Each structure stands twice: as C-alpha cells, then as structure tokens.
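What's in query34.cif: mmCIF, C-alpha atoms
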data_coords
#
loop_
_atom_site.group_PDB
_atom_site.id
_atom_site.type_symbol
_atom_site.label_atom_id
_atom_site.label_comp_id
_atom_site.auth_asym_id
_atom_site.auth_seq_id
_atom_site.Cartn_x
_atom_site.Cartn_y
_atom_site.Cartn_z
ATOM 1 C CA MET D 1 39.159 63.867 8.130
ATOM 2 C CA LYS D 2 35.423 64.478 8.551
ATOM 3 C CA GLU D 3 35.164 65.146 4.797
ATOM 4 C CA ILE D 4 36.845 61.819 4.024
ATOM 5 C CA LYS D 5 34.395 60.033 6.365
ATOM 6 C CA LYS D 6 31.497 61.770 4.621
ATOM 7 C CA LEU D 7 32.820 60.699 1.226
ATOM 8 C CA ILE D 8 33.197 57.096 2.434
ATOM 9 C CA LEU D 9 29.644 57.167 3.823
ATOM 10 C CA ILE D 10 28.269 58.597 0.561
ATOM 11 C CA PHE D 11 30.165 55.915 -1.401
ATOM 12 C CA ILE D 12 28.684 53.146 0.792
ATOM 13 C CA ILE D 13 25.155 54.574 0.403
ATOM 14 C CA ILE D 14 25.571 54.885 -3.379
ATOM 15 C CA ASN D 15 26.900 51.318 -3.435
ATOM 16 C CA LEU D 16 23.855 50.071 -1.561
ATOM 17 C CA VAL D 17 21.524 51.967 -3.874
ATOM 18 C CA PHE D 18 23.131 50.348 -6.913
ATOM 19 C CA CYS D 19 23.332 46.883 -5.271
ATOM 20 C CA ALA D 20 19.674 46.800 -4.273
ATOM 21 C CA PRO D 21 18.261 46.686 -7.817
ATOM 22 C CA THR D 22 20.976 44.154 -8.768
ATOM 23 C CA ASN D 23 19.949 41.873 -5.884
ATOM 24 C CA ARG D 24 16.288 42.297 -6.779
ATOM 25 C CA ASP D 25 17.068 41.447 -10.410
ATOM 26 C CA LEU D 26 19.018 38.370 -9.307
ATOM 27 C CA ALA D 27 16.134 37.252 -7.064
ATOM 28 C CA LYS D 28 13.674 37.683 -9.947
ATOM 29 C CA LYS D 29 15.975 35.785 -12.274
ATOM 30 C CA ARG D 30 16.305 32.931 -9.799
ATOM 31 C CA GLU D 31 12.555 32.881 -9.260
ATOM 32 C CA LYS D 32 12.165 32.121 -12.982
ATOM 33 C CA ASP D 33 15.152 29.764 -13.270
ATOM 34 C CA PHE D 34 13.877 26.153 -13.155
ATOM 35 C CA LYS D 35 17.368 24.738 -12.553
ATOM 36 C CA TYR D 36 17.911 27.071 -9.606
ATOM 37 C CA GLN D 37 14.553 25.991 -8.133
ATOM 38 C CA TYR D 38 15.490 22.333 -8.690
ATOM 39 C CA ASN D 39 18.876 22.764 -6.986
ATOM 40 C CA LEU D 40 17.192 24.547 -4.088
ATOM 41 C CA GLY D 41 14.685 21.686 -3.803
ATOM 42 C CA VAL D 42 17.486 19.100 -3.747
ATOM 43 C CA PHE D 43 19.342 21.161 -1.134
ATOM 44 C CA TYR D 44 16.292 21.138 1.156
ATOM 45 C CA LEU D 45 15.777 17.414 0.476
ATOM 46 C CA ASN D 46 19.341 16.706 1.626
ATOM 47 C CA GLU D 47 18.726 18.888 4.688
ATOM 48 C CA GLY D 48 15.600 16.880 5.540
ATOM 49 C CA ASN D 49 13.326 19.903 5.079
ATOM 50 C CA PHE D 50 10.691 18.095 3.019
ATOM 51 C CA PRO D 51 8.015 20.844 2.815
ATOM 52 C CA LEU D 52 10.514 23.305 1.304
ATOM 53 C CA ALA D 53 11.939 20.609 -0.966
ATOM 54 C CA ILE D 54 8.432 19.915 -2.335
ATOM 55 C CA LYS D 55 7.716 23.647 -2.691
ATOM 56 C CA HIS D 56 10.804 24.368 -4.805
ATOM 57 C CA LEU D 57 10.651 21.161 -6.850
ATOM 58 C CA ASN D 58 7.046 21.990 -7.760
ATOM 59 C CA LYS D 59 8.162 25.530 -8.690
ATOM 60 C CA CYS D 60 10.741 23.963 -10.975
ATOM 61 C CA LEU D 61 8.048 21.880 -12.673
ATOM 62 C CA ILE D 62 5.751 24.893 -13.131
ATOM 63 C CA LEU D 63 8.636 26.599 -14.951
ATOM 64 C CA ASN D 64 9.600 23.459 -16.884
ATOM 65 C CA PRO D 65 6.997 20.658 -16.769
ATOM 66 C CA LYS D 66 9.340 18.318 -18.699
ATOM 67 C CA TYR D 67 12.226 18.425 -16.239
ATOM 68 C CA TYR D 68 12.177 14.738 -15.309
ATOM 69 C CA LEU D 69 14.887 15.077 -12.625
ATOM 70 C CA ALA D 70 12.481 17.137 -10.505
ATOM 71 C CA TYR D 71 9.906 14.322 -10.572
ATOM 72 C CA ASN D 72 12.602 11.864 -9.463
ATOM 73 C CA ALA D 73 13.580 14.180 -6.602
ATOM 74 C CA LEU D 74 9.916 14.585 -5.622
ATOM 75 C CA GLY D 75 9.583 10.796 -5.585
ATOM 76 C CA LEU D 76 12.537 10.575 -3.211
ATOM 77 C CA THR D 77 11.087 13.316 -1.005
ATOM 78 C CA TYR D 78 7.700 11.601 -0.701
ATOM 79 C CA SER D 79 9.340 8.213 -0.105
ATOM 80 C CA MET D 80 11.380 9.680 2.760
ATOM 81 C CA GLN D 81 8.146 11.056 4.213
ATOM 82 C CA GLY D 82 6.618 7.578 4.001
ATOM 83 C CA ASN D 83 4.097 8.606 1.345
ATOM 84 C CA LEU D 84 4.733 5.651 -0.972
ATOM 85 C CA GLU D 85 1.752 6.238 -3.284
ATOM 86 C CA LYS D 86 2.914 9.793 -4.054
ATOM 87 C CA ALA D 87 6.458 8.511 -4.494
ATOM 88 C CA ILE D 88 5.278 5.978 -7.096
ATOM 89 C CA GLU D 89 3.234 8.661 -8.869
ATOM 90 C CA ASN D 90 6.282 10.930 -9.239
ATOM 91 C CA PHE D 91 8.732 8.198 -10.258
ATOM 92 C CA LYS D 92 6.250 7.132 -12.953
ATOM 93 C CA LYS D 93 5.942 10.736 -14.203
ATOM 94 C CA CYS D 94 9.732 10.909 -14.359
ATOM 95 C CA LEU D 95 9.805 7.716 -16.446
ATOM 96 C CA GLU D 96 7.048 8.953 -18.759
ATOM 97 C CA LEU D 97 9.371 11.816 -19.674
ATOM 98 C CA ASN D 98 12.538 9.700 -19.730
ATOM 99 C CA PRO D 99 11.758 5.964 -19.923
ATOM 100 C CA ASP D 100 15.458 5.048 -19.837
ATOM 101 C CA PHE D 101 16.398 6.943 -16.667
ATOM 102 C CA PRO D 102 17.944 4.139 -14.552
ATOM 103 C CA GLU D 103 17.894 5.939 -11.209
ATOM 104 C CA ALA D 104 14.110 6.318 -11.312
ATOM 105 C CA HIS D 105 13.711 2.626 -12.207
ATOM 106 C CA ASN D 106 15.849 1.657 -9.222
ATOM 107 C CA ASN D 107 13.999 4.067 -6.917
ATOM 108 C CA LEU D 108 10.607 2.810 -8.103
ATOM 109 C CA GLY D 109 11.804 -0.752 -7.547
ATOM 110 C CA ILE D 110 12.684 0.079 -3.933
ATOM 111 C CA ILE D 111 9.157 1.401 -3.305
ATOM 112 C CA TYR D 112 7.551 -1.705 -4.845
ATOM 113 C CA HIS D 113 9.939 -3.793 -2.734
ATOM 114 C CA GLN D 114 8.831 -1.986 0.444
ATOM 115 C CA MET D 115 5.192 -2.559 -0.479
ATOM 116 C CA GLY D 116 5.773 -6.271 -1.034
ATOM 117 C CA PHE D 117 5.350 -6.206 -4.838
ATOM 118 C CA LEU D 118 8.499 -8.246 -5.420
ATOM 119 C CA ASP D 119 7.886 -9.122 -9.090
ATOM 120 C CA LYS D 120 7.322 -5.455 -9.947
ATOM 121 C CA ALA D 121 10.418 -4.502 -7.947
ATOM 122 C CA LYS D 122 12.545 -7.065 -9.792
ATOM 123 C CA LYS D 123 11.423 -5.724 -13.195
ATOM 124 C CA GLU D 124 12.424 -2.176 -12.222
ATOM 125 C CA TYR D 125 15.838 -3.254 -10.900
ATOM 126 C CA LEU D 126 16.529 -5.158 -14.122
ATOM 127 C CA LYS D 127 15.477 -2.118 -16.194
ATOM 128 C CA ALA D 128 17.967 -0.012 -14.201
ATOM 129 C CA LEU D 129 20.715 -2.550 -14.959
ATOM 130 C CA SER D 130 19.870 -2.556 -18.682
ATOM 131 C CA SER D 131 21.074 1.053 -19.013
ATOM 132 C CA PRO D 132 24.662 0.960 -20.361
ATOM 133 C CA ASP D 133 25.522 4.398 -18.973
ATOM 134 C CA TYR D 134 24.278 3.919 -15.390
ATOM 135 C CA PRO D 135 27.297 4.643 -13.158
ATOM 136 C CA HIS D 136 25.834 3.054 -9.999
ATOM 137 C CA LYS D 137 24.857 -0.448 -11.048
ATOM 138 C CA GLU D 138 25.916 -1.711 -7.631
ATOM 139 C CA LEU D 139 22.618 -0.321 -6.277
ATOM 140 C CA PRO D 140 20.179 -2.451 -8.336
ATOM 141 C CA TYR D 141 22.524 -5.450 -7.984
ATOM 142 C CA TYR D 142 22.399 -4.992 -4.193
ATOM 143 C CA ASN D 143 18.604 -4.656 -4.284
ATOM 144 C CA LEU D 144 18.263 -7.806 -6.409
ATOM 145 C CA ALA D 145 20.486 -9.686 -3.951
ATOM 146 C CA LEU D 146 18.327 -8.533 -1.035
ATOM 147 C CA LEU D 147 15.152 -9.493 -2.889
ATOM 148 C CA SER D 148 16.563 -12.948 -3.731
ATOM 149 C CA LEU D 149 17.529 -13.484 -0.088
ATOM 150 C CA ILE D 150 13.974 -12.628 0.999
ATOM 151 C CA GLU D 151 12.709 -15.178 -1.536
ATOM 152 C CA GLY D 152 15.007 -17.812 -0.010
ATOM 153 C CA LYS D 153 17.246 -17.965 -3.100
ATOM 154 C CA SER D 154 20.630 -17.614 -1.383
ATOM 155 C CA GLU D 155 22.762 -18.875 -4.293
ATOM 156 C CA LYS D 156 21.147 -16.351 -6.639
ATOM 157 C CA ALA D 157 21.530 -13.629 -3.989
ATOM 158 C CA LEU D 158 25.252 -14.431 -3.764
ATOM 159 C CA LYS D 159 25.677 -13.950 -7.533
ATOM 160 C CA TYR D 160 23.952 -10.581 -7.424
ATOM 161 C CA ILE D 161 25.916 -9.318 -4.424
ATOM 162 C CA ASN D 162 29.197 -10.375 -6.040
ATOM 163 C CA SER D 163 28.167 -8.340 -9.098
ATOM 164 C CA ALA D 164 27.478 -5.348 -6.829
ATOM 165 C CA LEU D 165 30.960 -5.646 -5.324
ATOM 166 C CA ARG D 166 32.556 -5.915 -8.772
ATOM 167 C CA GLU D 167 30.896 -2.599 -9.589
ATOM 168 C CA ASN D 168 31.974 -0.998 -6.296
ATOM 169 C CA SER D 169 34.555 -2.728 -4.102
ATOM 170 C CA ARG D 170 34.094 -0.089 -1.361
ATOM 171 C CA TYR D 171 30.380 -0.758 -0.837
ATOM 172 C CA GLY D 172 30.171 -1.517 2.891
ATOM 173 C CA MET D 173 26.489 -2.472 2.866
ATOM 174 C CA ALA D 174 27.182 -5.038 0.133
ATOM 175 C CA TYR D 175 29.842 -6.770 2.241
ATOM 176 C CA ASN D 176 27.401 -6.819 5.155
ATOM 177 C CA LEU D 177 24.660 -8.357 2.989
ATOM 178 C CA LYS D 178 27.141 -10.864 1.569
ATOM 179 C CA GLY D 179 27.888 -11.867 5.150
ATOM 180 C CA LYS D 180 24.175 -12.535 5.753
ATOM 181 C CA ILE D 181 23.912 -14.564 2.543
ATOM 182 C CA LEU D 182 26.967 -16.650 3.439
ATOM 183 C CA GLU D 183 25.526 -17.288 6.906
ATOM 184 C CA ASN D 184 22.384 -18.608 5.223
ATOM 185 C CA LEU D 185 24.588 -20.897 3.148
ATOM 186 C CA GLY D 186 26.325 -22.151 6.310
ATOM 187 C CA ASN D 187 29.713 -20.572 5.550
ATOM 188 C CA LEU D 188 30.409 -18.776 8.841
ATOM 189 C CA GLU D 189 34.136 -18.226 8.237
ATOM 190 C CA GLU D 190 33.490 -16.318 4.999
ATOM 191 C CA ALA D 191 30.537 -14.492 6.544
ATOM 192 C CA ILE D 192 32.807 -13.229 9.343
ATOM 193 C CA ARG D 193 35.393 -12.044 6.812
ATOM 194 C CA ASN D 194 32.760 -10.067 4.935
ATOM 195 C CA TYR D 195 31.365 -8.431 8.093
ATOM 196 C CA GLU D 196 34.936 -7.431 8.940
ATOM 197 C CA LYS D 197 35.384 -5.920 5.460
ATOM 198 C CA ALA D 198 32.146 -3.974 5.920
ATOM 199 C CA LEU D 199 33.504 -2.561 9.193
ATOM 200 C CA GLU D 200 36.826 -1.630 7.592
ATOM 201 C CA ILE D 201 34.867 0.583 5.199
ATOM 202 C CA VAL D 202 32.304 1.897 7.728
ATOM 203 C CA PRO D 203 33.886 1.589 11.206
ATOM 204 C CA ASN D 204 31.586 1.353 14.253
ATOM 205 C CA GLU D 205 28.417 0.853 12.191
ATOM 206 C CA VAL D 206 26.221 -0.794 14.818
ATOM 207 C CA ASN D 207 24.360 -3.213 12.519
ATOM 208 C CA PHE D 208 27.601 -4.442 10.951
ATOM 209 C CA MET D 209 29.106 -4.872 14.426
ATOM 210 C CA PHE D 210 26.065 -6.767 15.689
ATOM 211 C CA ASN D 211 26.076 -9.103 12.673
ATOM 212 C CA LEU D 212 29.788 -9.775 13.192
ATOM 213 C CA GLY D 213 29.224 -10.455 16.903
ATOM 214 C CA VAL D 214 26.414 -12.925 16.162
ATOM 215 C CA ALA D 215 28.460 -14.746 13.496
ATOM 216 C CA LEU D 216 31.411 -15.023 15.901
ATOM 217 C CA TYR D 217 29.096 -16.380 18.582
ATOM 218 C CA LYS D 218 27.663 -18.965 16.169
ATOM 219 C CA ASN D 219 31.241 -19.901 15.217
ATOM 220 C CA ARG D 220 32.012 -20.427 18.941
ATOM 221 C CA GLU D 221 34.536 -17.575 18.994
ATOM 222 C CA TYR D 222 33.104 -16.391 22.291
ATOM 223 C CA GLY D 223 35.986 -14.135 23.328
ATOM 224 C CA ARG D 224 35.885 -12.099 20.134
ATOM 225 C CA ALA D 225 32.082 -12.036 20.191
ATOM 226 C CA LYS D 226 32.127 -10.751 23.776
ATOM 227 C CA ASN D 227 34.499 -7.914 22.830
ATOM 228 C CA ILE D 228 32.139 -6.829 20.023
ATOM 229 C CA PHE D 229 29.019 -6.981 22.212
ATOM 230 C CA GLU D 230 30.720 -5.119 25.096
ATOM 231 C CA LYS D 231 31.784 -2.359 22.695
ATOM 232 C CA LEU D 232 28.244 -2.192 21.291
ATOM 233 C CA ASN D 233 26.739 -2.060 24.781
ATOM 234 C CA LYS D 234 28.627 1.183 25.480
ATOM 235 C CA MET D 235 27.193 2.835 22.350
ATOM 236 C CA PRO D 236 23.800 4.582 22.020
ATOM 237 C CA LEU D 237 21.519 1.866 20.637
ATOM 238 C CA GLN D 238 17.846 1.503 19.899
ATOM 239 C CA LYS D 239 15.995 -0.351 22.650
ATOM 240 C CA ASP D 240 15.410 -3.590 20.724
ATOM 241 C CA LEU D 241 19.046 -3.834 19.566
ATOM 242 C CA LYS D 242 20.368 -3.078 23.072
ATOM 243 C CA SER D 243 18.163 -5.866 24.449
ATOM 244 C CA LYS D 244 19.610 -8.333 21.910
ATOM 245 C CA VAL D 245 23.185 -7.290 22.723
ATOM 246 C CA GLU D 246 22.602 -7.742 26.458
ATOM 247 C CA ASP D 247 21.035 -11.152 25.799
ATOM 248 C CA TYR D 248 24.144 -12.347 23.928
ATOM 249 C CA LEU D 249 26.404 -11.052 26.718
ATOM 250 C CA LYS D 250 24.383 -13.058 29.263
ATOM 251 C CA ARG D 251 24.708 -16.190 27.098
ATOM 252 C CA ILE D 252 28.484 -15.790 26.860
ATOM 253 C CA GLU D 253 28.913 -15.235 30.613
#
Spell out the structure here as structure tokens.
Amino acid sequence: MKEIKKLILIFIIINLVFCAPTNRDLAKKREKDFKYQYNLGVFYLNEGNFPLAIKHLNKCLILNPKYYLAYNALGLTYSMQGNLEKAIENFKKCLELNPDFPEAHNNLGIIYHQMGFLDKAKKEYLKALSSPDYPHKELPYYNLALLSLIEGKSEKALKYINSALRENSRYGMAYNLKGKILENLGNLEEAIRNYEKALEIVPNEVNFMFNLGVALYKNREYGRAKNIFEKLNKMPLQKDLKSKVEDYLKRIE
C-alpha cells in the first residue's frame, strides 16, 4: 500500500514538473498574443477595472498597432472614466485605421454630444447609420432622436425614435424616450402607453417608473400615479429623485 502511495506521489510530482513548463509556455504565448491582450482588456473594462483595461489594451496595441478595435475599447474606457479628450483621441485613431467602423462613429458622436458639439455629434451618428452592415442601428437612431429633442425638434425626434424601434422592438430606453417626445407633443395617452411598454421590457426601472407616474399625474389619473410614486418611494433612490417623488405624493394627497 505504501509503495502504491509512493508511486502516486511520484506521478503527481512528475506531472507538476511537466505542467510547469507548459504553463510557462502558455503564459509567454499569451503575453505575445494581441487578441488575448485585447480580450483581457475588454474583460477588465466590463468589470469596471479601468487601469487594468488600459494596461492590457495598450499591450495589445504594442503587439499590433493596427488593431482598431483596441482603440475603440480604449475610447470607451476613457469615456467611462470621464476623460472625454482621451476618449476622442482614441476613437479618432480607431477611425483612422478603419474609417467605416460604425460603432466608433456612434461612440464619438456620444462624446461630442456630451460636450455640447451637437453638429459634430449629428455627423457621426449619420456616418454610423450609413454603414449597411451595422447590426445596431437603433443606437444612432436613438441618439439622433435625443439630439433632436434637445434642439426642440419633437416631430423629427419622433421619426428617429420610430426608426430605432423598427430596428429593435425590445429597446426599453427607446420606448421611454418616445414617451418623453409624445409628452412634448401633448399626446399624454400615447406617452403613457410607451412608458408602460418600457417597463414591460425593463421592470422596476426607476426613471421609467417616475416618467410614467408624472405622465399619469398630468393626465389626472391620480390613483394610478399615487400607486407608482408609493412604489418608487419604497425603493432606494438618489436624493434628488426621492425628493421629487415625495413632492408628487404631497400634491396628490
């Protein structure tokens, strides 16, 4: 029995000896694999670990300076950190390498939008839409609708948001924005229906619930509005939103 145990132990040790170089070889291979470094960077981006995302995306670009996807991912990372100038720089580098990459055009448009450069933003959204193979055209359509609403062009915003929903009928944020547009146009009944559709897709989303509650209140459906606001008041809310909810409850009472 002792001999068998010794043999097992020797086998495990031999196994470890042979595995160690294999693992080292794999680590070296991954260190030089630009796609592995890119995937690792995207993983850390999704995890919210921005320093490691930047580290591995830059490693990817050292290994392959023409890998445009890494520049797009770096742009997203910097934008999520609030570094809009660096985000623009990386989206532009991505587009230098691939001028027809629609995702980078849409992402760059969002940054310009945030910075108040609405004409530049519009151009980028339209460039994203011009790509025949872009599978997520609902995103630039949504962004164009939002931009048009900011500009006070509600009819134009409605056309864009309808296009977004034709592209993706399960886009909760688009139904919510359509509700806001319809409110601006004075169509409360349709606005309410769209807020309800948004909540069917994303239940208990606080902003959708608040918008529905406000539209119901404006439409003098006080009982339904009260139910929404009471439900919201029991949820963890940011201070300013909680204050608004409590204000509407006081008005109804």
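Nearest residue to Ser154 (chain D), choosing from D:Glu89, D:Glu205, D:Glu183, D:Glu167 and counting all atoms listed in the file: D:Glu183.
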Shell around region 134-150 of chain D at 9 Å using all atoms listed in the file, local window under 5 positions removed, as number ranges by chain: D: 101-103, 106, 109-110, 113, 118, 121-122, 124-126, 128-129, 155-168, 171, 173-174, 177-178, 180-181, 184
Residue among D:Ala215, D:Val245, D:Ala53, D:Cys94 lying closest to Pro65 (chain D), counting all atoms listed in the file: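 Of D:Ala215, D:Val245, D:Ala53, D:Cys94, the one nearest Pro65 (chain D) is D:Cys94, counting all atoms listed in the file.
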Nearest to Tyr44 (chain D), chosen from D:His56, D:Leu63, D:Ala198, D:Tyr68, with all atoms listed in the file counted in the distances: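 Looking at the shortest contact to Tyr44 (chain D), the residue is D:His56.
Going from CA of Tyr71 (chain D) to CA of Phe91 (chain D) covers 6.2 Å.
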Selection result for the PyMOL selection byres ((chain D and resi 35) around 12) on this file, as a compact mmCIF listing (two decimals) with C-alpha atoms, in the coordinates of the input:
# COMPACT_ATOMS: atom_id res chain seq x y z
CA LYS D 29 15.98 35.78 -12.27
CA ARG D 30 16.30 32.93 -9.80
CA GLU D 31 12.56 32.88 -9.26
CA LYS D 32 12.16 32.12 -12.98
CA ASP D 33 15.15 29.76 -13.27
CA PHE D 34 13.88 26.15 -13.16
CA TYR D 36 17.91 27.07 -9.61
CA GLN D 37 14.55 25.99 -8.13
CA TYR D 38 15.49 22.33 -8.69
CA ASN D 39 18.88 22.76 -6.99
CA LEU D 40 17.19 24.55 -4.09
CA GLY D 41 14.68 21.69 -3.80
CA VAL D 42 17.49 19.10 -3.75
CA HIS D 56 10.80 24.37 -4.80
CA LEU D 57 10.65 21.16 -6.85
CA ASN D 58 7.05 21.99 -7.76
CA LYS D 59 8.16 25.53 -8.69
CA CYS D 60 10.74 23.96 -10.98
CA LEU D 61 8.05 21.88 -12.67
CA ILE D 62 5.75 24.89 -13.13
CA LEU D 63 8.64 26.60 -14.95
CA ASN D 64 9.60 23.46 -16.88
CA PRO D 65 7.00 20.66 -16.77
CA LYS D 66 9.34 18.32 -18.70
CA TYR D 67 12.23 18.42 -16.24
CA TYR D 68 12.18 14.74 -15.31
CA LEU D 69 14.89 15.08 -12.62
CA ALA D 70 12.48 17.14 -10.50
Residues matched by the PyMOL selection byres ((chain D and resi 229-241) around 10) as number ranges by chain: D: 204-207, 209-210, 212-214, 224-228, 242-249, 252
Point (5.2, 12.6, -2.9) neighbourhood (12 Å, all atoms listed in the file) written as a compact mmCIF listing (two decimals) with C-alpha atoms, in the coordinates of the input:
# COMPACT_ATOMS: atom_id res chain seq x y z
CA PHE D 50 10.69 18.10 3.02
CA PRO D 51 8.02 20.84 2.82
CA ALA D 53 11.94 20.61 -0.97
CA ILE D 54 8.43 19.92 -2.34
CA LYS D 55 7.72 23.65 -2.69
CA LEU D 57 10.65 21.16 -6.85
CA ASN D 58 7.05 21.99 -7.76
CA ALA D 70 12.48 17.14 -10.50
CA TYR D 71 9.91 14.32 -10.57
CA ASN D 72 12.60 11.86 -9.46
CA ALA D 73 13.58 14.18 -6.60
CA LEU D 74 9.92 14.58 -5.62
CA GLY D 75 9.58 10.80 -5.58
CA LEU D 76 12.54 10.58 -3.21
CA THR D 77 11.09 13.32 -1.00
CA TYR D 78 7.70 11.60 -0.70
CA SER D 79 9.34 8.21 -0.10
CA MET D 80 11.38 9.68 2.76
CA GLN D 81 8.15 11.06 4.21
CA GLY D 82 6.62 7.58 4.00
CA ASN D 83 4.10 8.61 1.34
CA LEU D 84 4.73 5.65 -0.97
CA GLU D 85 1.75 6.24 -3.28
CA LYS D 86 2.91 9.79 -4.05
CA ALA D 87 6.46 8.51 -4.49
CA ILE D 88 5.28 5.98 -7.10
CA GLU D 89 3.23 8.66 -8.87
CA ASN D 90 6.28 10.93 -9.24
CA PHE D 91 8.73 8.20 -10.26
CA LYS D 92 6.25 7.13 -12.95
CA LYS D 93 5.94 10.74 -14.20
CA ILE D 111 9.16 1.40 -3.30
Residue IDs satisfying the PyMOL selection byres ((chain D and resi 189) around 12), as JSON, numbers by chain: {"D": [179, 180, 182, 183, 185, 186, 187, 188, 190, 191, 192, 193, 194, 195, 196, 212, 215, 216, 217, 218, 219, 220, 221]}
Please enclose the listed atoms of region 105-118 of chain D in an axis-aligned box, pad each side by 3 Å, and write out the centre and the three edge lengths in Å, rounded to one decimal, as JSON.
{"center_x": 10.5, "center_y": -2.1, "center_z": -5.9, "size_x": 16.7, "size_y": 18.3, "size_z": 18.7}
Residue nearest Gly172 (chain D) - candidates D:Gly223, D:Pro132, D:Pro99, D:Pro203, atoms counted: all atoms listed in the file: D:Pro203
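Going from CA of Ser131 (chain D) over to CA of Leu108 (chain D), you cover 15.2 Å.
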Distance criterion (all atoms listed in the file): nearest to Val202 (chain D) out of D:Phe43, D:Tyr175, D:Tyr112, D:Phe117: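 Of D:Phe43, D:Tyr175, D:Tyr112, D:Phe117, the one nearest Val202 (chain D) is D:Tyr175, counting all atoms listed in the file.
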CA of Leu97 (chain D) to CA of Lys28 (chain D), straight-line distance in Å: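 Rounded to one decimal, the two atoms are 28.0 Å apart.
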N, CA and C atoms for region 88-100 of chain D, written as a PDB file, in the coordinates of the input, could you do that?
ATOM      1  N   ILE D  88       5.492   6.740  -5.859  1.00  0.00           N
ATOM      2  CA  ILE D  88       5.278   5.978  -7.096  1.00  0.00           C
ATOM      3  C   ILE D  88       4.780   6.887  -8.218  1.00  0.00           C
ATOM      4  N   GLU D  89       3.816   7.734  -7.889  1.00  0.00           N
ATOM      5  CA  GLU D  89       3.234   8.661  -8.869  1.00  0.00           C
ATOM      6  C   GLU D  89       4.315   9.526  -9.518  1.00  0.00           C
ATOM      7  N   ASN D  90       5.243  10.042  -8.707  1.00  0.00           N
ATOM      8  CA  ASN D  90       6.282  10.930  -9.239  1.00  0.00           C
ATOM      9  C   ASN D  90       7.378  10.180  -9.980  1.00  0.00           C
ATOM     10  N   PHE D  91       7.748   8.989  -9.509  1.00  0.00           N
ATOM     11  CA  PHE D  91       8.732   8.198 -10.258  1.00  0.00           C
ATOM     12  C   PHE D  91       8.172   7.805 -11.629  1.00  0.00           C
ATOM     13  N   LYS D  92       6.883   7.487 -11.675  1.00  0.00           N
ATOM     14  CA  LYS D  92       6.250   7.132 -12.953  1.00  0.00           C
ATOM     15  C   LYS D  92       6.214   8.333 -13.897  1.00  0.00           C
ATOM     16  N   LYS D  93       5.939   9.522 -13.360  1.00  0.00           N
ATOM     17  CA  LYS D  93       5.942  10.736 -14.203  1.00  0.00           C
ATOM     18  C   LYS D  93       7.340  10.992 -14.761  1.00  0.00           C
ATOM     19  N   CYS D  94       8.342  10.767 -13.921  1.00  0.00           N
ATOM     20  CA  CYS D  94       9.732  10.909 -14.359  1.00  0.00           C
ATOM     21  C   CYS D  94      10.009   9.973 -15.532  1.00  0.00           C
ATOM     22  N   LEU D  95       9.539   8.720 -15.410  1.00  0.00           N
ATOM     23  CA  LEU D  95       9.805   7.716 -16.446  1.00  0.00           C
ATOM     24  C   LEU D  95       8.952   7.910 -17.697  1.00  0.00           C
ATOM     25  N   GLU D  96       7.829   8.586 -17.564  1.00  0.00           N
ATOM     26  CA  GLU D  96       7.048   8.953 -18.759  1.00  0.00           C
ATOM     27  C   GLU D  96       7.848   9.922 -19.632  1.00  0.00           C
ATOM     28  N   LEU D  97       8.575  10.816 -18.953  1.00  0.00           N
ATOM     29  CA  LEU D  97       9.371  11.816 -19.674  1.00  0.00           C
ATOM     30  C   LEU D  97      10.697  11.241 -20.145  1.00  0.00           C
ATOM     31  N   ASN D  98      11.261  10.334 -19.361  1.00  0.00           N
ATOM     32  CA  ASN D  98      12.538   9.700 -19.730  1.00  0.00           C
ATOM     33  C   ASN D  98      12.484   8.226 -19.346  1.00  0.00           C
ATOM     34  N   PRO D  99      11.956   7.382 -20.247  1.00  0.00           N
ATOM     35  CA  PRO D  99      11.758   5.964 -19.923  1.00  0.00           C
ATOM     36  C   PRO D  99      13.043   5.197 -19.613  1.00  0.00           C
ATOM     37  N   ASP D 100      14.185   5.751 -20.015  1.00  0.00           N
ATOM     38  CA  ASP D 100      15.458   5.048 -19.837  1.00  0.00           C
ATOM     39  C   ASP D 100      16.274   5.563 -18.650  1.00  0.00           C
TER      40      ASP D 100
END
